[in-house]
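Have a look at data_24.csv below; it lists CSV, N, CA, C and O atoms.
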```csv
chain,number,residue,atom,x,y,z
A,545,MET,N,16.3,23.6,26.0
A,545,MET,CA,16.5,24.0,27.3
A,545,MET,C,15.7,23.0,28.3
A,545,MET,O,16.3,22.7,29.4
A,546,TYR,N,14.5,22.6,28.0
A,546,TYR,CA,13.8,21.7,28.8
A,546,TYR,C,13.8,20.3,28.3
A,546,TYR,O,13.8,20.1,27.1
A,547,ASN,N,13.9,19.3,29.2
A,547,ASN,CA,13.8,17.9,28.8
A,547,ASN,C,12.4,17.5,29.1
A,547,ASN,O,12.0,17.0,30.1
A,548,TRP,N,11.6,17.5,28.0
A,548,TRP,CA,10.2,17.3,28.1
A,548,TRP,C,9.9,15.8,28.4
A,548,TRP,O,9.0,15.4,29.1
A,549,GLU,N,10.8,14.9,27.9
A,549,GLU,CA,10.6,13.5,28.2
A,549,GLU,C,10.8,13.2,29.7
A,549,GLU,O,10.1,12.4,30.3
A,550,LEU,N,11.8,13.8,30.3
A,550,LEU,CA,12.0,13.6,31.7
A,550,LEU,C,10.9,14.2,32.5
A,550,LEU,O,10.4,13.6,33.5
A,551,GLN,N,10.4,15.4,32.1
A,551,GLN,CA,9.3,16.0,32.8
A,551,GLN,C,8.1,15.1,32.7
A,551,GLN,O,7.3,14.9,33.7
A,552,ASP,N,7.8,14.6,31.6
A,552,ASP,CA,6.6,13.7,31.4
A,552,ASP,C,6.8,12.4,32.2
A,552,ASP,O,5.8,11.9,32.7
A,553,ALA,N,8.0,11.9,32.3
A,553,ALA,CA,8.2,10.7,33.1
A,553,ALA,C,8.0,11.0,34.6
A,553,ALA,O,7.4,10.2,35.3
A,554,ILE,N,8.4,12.2,35.1
A,554,ILE,CA,8.2,12.5,36.5
A,554,ILE,C,6.7,12.7,36.7
A,554,ILE,O,6.2,12.2,37.7
A,555,VAL,N,6.0,13.4,35.8
A,555,VAL,CA,4.5,13.5,36.0
A,555,VAL,C,3.8,12.2,36.0
A,555,VAL,O,2.9,11.9,36.8
A,556,ALA,N,4.2,11.3,35.1
A,556,ALA,CA,3.6,9.9,35.1
A,556,ALA,C,3.9,9.2,36.4
A,556,ALA,O,3.0,8.5,36.9
A,557,PHE,N,5.1,9.3,36.9
A,557,PHE,CA,5.4,8.7,38.2
A,557,PHE,C,4.6,9.2,39.3
A,557,PHE,O,4.0,8.5,40.1
A,558,VAL,N,4.4,10.5,39.4
A,558,VAL,CA,3.6,11.2,40.5
A,558,VAL,C,2.2,10.8,40.3
A,558,VAL,O,1.5,10.5,41.3
A,559,ASP,N,1.7,10.8,39.1
A,559,ASP,CA,0.3,10.3,38.9
A,559,ASP,C,0.1,8.9,39.3
A,559,ASP,O,-1.0,8.5,39.7
A,560,SER,N,1.1,8.0,39.1
A,560,SER,CA,0.9,6.6,39.4
A,560,SER,C,0.9,6.4,40.9
A,560,SER,O,0.4,5.5,41.4
A,561,MET,N,1.5,7.4,41.7
A,561,MET,CA,1.5,7.3,43.1
A,561,MET,C,0.3,7.9,43.8
A,561,MET,O,0.0,7.6,45.0
A,562,LYS,N,-0.5,8.6,43.1
A,562,LYS,CA,-1.7,9.3,43.7
A,562,LYS,C,-2.6,8.3,44.4
A,562,LYS,O,-3.1,8.7,45.5
A,563,PRO,N,-3.0,7.2,43.9
A,563,PRO,CA,-3.9,6.3,44.7
A,563,PRO,C,-3.3,5.8,46.0
A,563,PRO,O,-4.1,5.4,46.8
A,564,HIS,N,-2.0,5.9,46.1
A,564,HIS,CA,-1.4,5.3,47.3
A,564,HIS,C,-0.8,6.4,48.3
A,564,HIS,O,-0.1,6.1,49.2
A,565,TRP,N,-1.2,7.6,48.0
A,565,TRP,CA,-0.6,8.7,48.9
A,565,TRP,C,-1.0,8.6,50.3
A,565,TRP,O,-0.1,8.8,51.2
A,566,GLN,N,-2.2,8.2,50.6
A,566,GLN,CA,-2.6,8.1,52.0
A,566,GLN,C,-1.8,6.9,52.7
A,566,GLN,O,-1.4,7.1,53.9
A,567,ALA,N,-1.7,5.8,52.0
A,567,ALA,CA,-0.9,4.7,52.6
A,567,ALA,C,0.6,5.1,52.8
A,567,ALA,O,1.2,4.8,53.8
A,568,GLN,N,1.1,5.8,51.8
A,568,GLN,CA,2.5,6.3,52.0
A,568,GLN,C,2.7,7.3,53.1
A,568,GLN,O,3.6,7.2,53.9
A,569,HIS,N,1.7,8.2,53.3
A,569,HIS,CA,1.7,9.1,54.4
A,569,HIS,C,1.6,8.4,55.7
A,569,HIS,O,2.4,8.7,56.7
A,570,ASP,N,0.7,7.4,55.8
A,570,ASP,CA,0.6,6.6,57.1
A,570,ASP,C,1.8,5.9,57.4
A,570,ASP,O,2.3,5.8,58.6
A,571,LEU,N,2.5,5.3,56.4
A,571,LEU,CA,3.7,4.5,56.6
A,571,LEU,C,4.8,5.5,57.1
A,571,LEU,O,5.6,5.2,58.0
A,572,TYR,N,4.9,6.6,56.4
A,572,TYR,CA,5.9,7.6,56.8
A,572,TYR,C,5.8,8.1,58.2
A,572,TYR,O,6.7,8.1,59.0
A,573,THR,N,4.6,8.4,58.6
A,573,THR,CA,4.4,8.9,60.0
A,573,THR,C,4.6,7.8,61.0
A,573,THR,O,5.2,8.0,62.1
A,574,ALA,N,4.2,6.5,60.7
A,574,ALA,CA,4.4,5.4,61.6
A,574,ALA,C,5.9,5.2,61.8
A,574,ALA,O,6.4,5.0,62.9
A,575,VAL,N,6.7,5.2,60.7
A,575,VAL,CA,8.1,5.0,60.8
A,575,VAL,C,8.8,6.1,61.6
A,575,VAL,O,9.7,5.9,62.4
A,576,LEU,N,8.3,7.3,61.3
A,576,LEU,CA,8.9,8.5,62.0
A,576,LEU,C,8.6,8.4,63.5
A,576,LEU,O,9.6,8.7,64.3
A,577,TYR,N,7.4,8.1,63.9
A,577,TYR,CA,7.1,8.0,65.3
A,577,TYR,C,7.8,6.9,66.0
A,577,TYR,O,8.3,7.0,67.1
A,578,ALA,N,8.0,5.7,65.3
A,578,ALA,CA,8.7,4.6,65.8
A,578,ALA,C,10.2,5.0,66.0
A,578,ALA,O,10.8,4.6,67.1
A,579,PHE,N,10.8,5.7,65.1
A,579,PHE,CA,12.1,6.1,65.2
A,579,PHE,C,12.3,7.1,66.4
A,579,PHE,O,13.3,6.9,67.2
A,580,ALA,N,11.4,8.0,66.5
A,580,ALA,CA,11.5,9.0,67.6
A,580,ALA,C,11.4,8.3,69.0
A,580,ALA,O,12.1,8.6,69.9
A,581,ASP,N,10.4,7.3,69.0
A,581,ASP,CA,10.2,6.6,70.3
A,581,ASP,C,11.5,5.7,70.6
A,581,ASP,O,11.9,5.7,71.8
A,582,LEU,N,12.1,5.1,69.6
A,582,LEU,CA,13.3,4.3,69.8
A,582,LEU,C,14.4,5.2,70.3
A,582,LEU,O,15.1,4.8,71.3
A,583,GLN,N,14.6,6.3,69.7
A,583,GLN,CA,15.7,7.2,70.1
A,583,GLN,C,15.4,7.7,71.6
A,583,GLN,O,16.4,7.9,72.3
A,584,SER,N,14.2,8.0,71.9
A,584,SER,CA,13.8,8.4,73.2
A,584,SER,C,14.2,7.4,74.3
A,584,SER,O,14.7,7.7,75.3
A,585,GLN,N,13.8,6.1,73.9
A,585,GLN,CA,14.1,5.0,74.9
A,585,GLN,C,15.6,4.9,75.0
A,585,GLN,O,16.1,4.6,76.1
A,586,LEU,N,16.4,5.0,73.9
A,586,LEU,CA,17.8,4.9,74.0
A,586,LEU,C,18.4,6.0,74.8
A,586,LEU,O,19.3,5.7,75.7
A,587,LEU,N,18.0,7.2,74.6
A,587,LEU,CA,18.5,8.3,75.5
A,587,LEU,C,18.2,8.1,76.9
A,587,LEU,O,19.0,8.4,77.8
A,588,THR,N,17.0,7.6,77.2
A,588,THR,CA,16.6,7.3,78.6
A,588,THR,C,17.5,6.2,79.2
A,588,THR,O,17.9,6.4,80.3
A,589,LEU,N,17.8,5.2,78.4
A,589,LEU,CA,18.7,4.2,78.9
A,589,LEU,C,20.1,4.7,79.2
A,589,LEU,O,20.8,4.2,80.1
A,590,LEU,N,20.5,5.7,78.4
A,590,LEU,CA,21.9,6.3,78.6
A,590,LEU,C,21.9,7.3,79.7
A,590,LEU,O,23.0,7.8,80.0
A,591,GLY,N,20.8,7.5,80.4
A,591,GLY,CA,20.8,8.4,81.6
A,591,GLY,C,20.2,9.8,81.4
A,591,GLY,O,20.2,10.5,82.3
A,592,TYR,N,19.8,10.1,80.2
A,592,TYR,CA,19.1,11.4,80.0
A,592,TYR,C,17.7,11.3,80.5
A,592,TYR,O,17.0,10.3,80.3
A,593,PRO,N,17.2,12.4,81.1
A,593,PRO,CA,15.9,12.4,81.7
A,593,PRO,C,14.8,12.4,80.5
A,593,PRO,O,15.1,13.0,79.5
A,594,PRO,N,13.7,11.7,80.7
A,594,PRO,CA,12.7,11.7,79.7
A,594,PRO,C,12.1,13.1,79.6
A,594,PRO,O,11.9,13.8,80.6
A,595,VAL,N,11.7,13.5,78.4
A,595,VAL,CA,11.0,14.8,78.2
A,595,VAL,C,9.5,14.5,78.2
A,595,VAL,O,9.0,13.7,77.4
A,596,PRO,N,8.8,15.3,79.0
A,596,PRO,CA,7.3,15.1,79.0
A,596,PRO,C,6.6,15.5,77.7
A,596,PRO,O,7.1,16.3,77.0
```
Let me see the structure of the file written as structure tokens.
Amino acid sequence: MYNWELQDAIVAFVDSMKPHWQAQHDLYTAVLYAFADLQSQLLTLLGYPPVP
């Protein structure tokens, strides 16, 4: 019923990412904020009022 090899591979992958979690989190938030800022600028250029 369970695929233990797949589960072990997933656990190994997650464990290998642990030292880089803070860098991944920082990258994610930076990209998310940059995307939101870009979309806000685009909507402002299209005539929508900026939201405070």
| In Å, how far is it from atom O of Leu590 (chain A) to atom O of Ala578 (chain A)? |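 Value for the atom O of Leu590 (chain A)-atom O of Ala578 (chain A) distance: 18.0 Å.
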| CA of Pro594 (chain A) to atom C of Asp581 (chain A), straight-line distance in Å | 11.0 Å
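The space between atom O of Ala580 (chain A) and atom N of His564 (chain A) spans 27.8 Å.
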| query | What residues in chain A get the DSSP label alpha helix (DSSP H)? Please answer as an NGL selection string. | reply | :A and (548-561 or 565-589)
Build an axis-aligned box that encloses every atom of region 563-575 of chain A listed in the file, pad it by 5 Å on each side, and report its centre and edge lengths in Å to one decimal, as JSON.
```
{"center_x": 2.8, "center_y": 6.8, "center_z": 53.4, "size_x": 23.8, "size_y": 14.6, "size_z": 29.0}
```
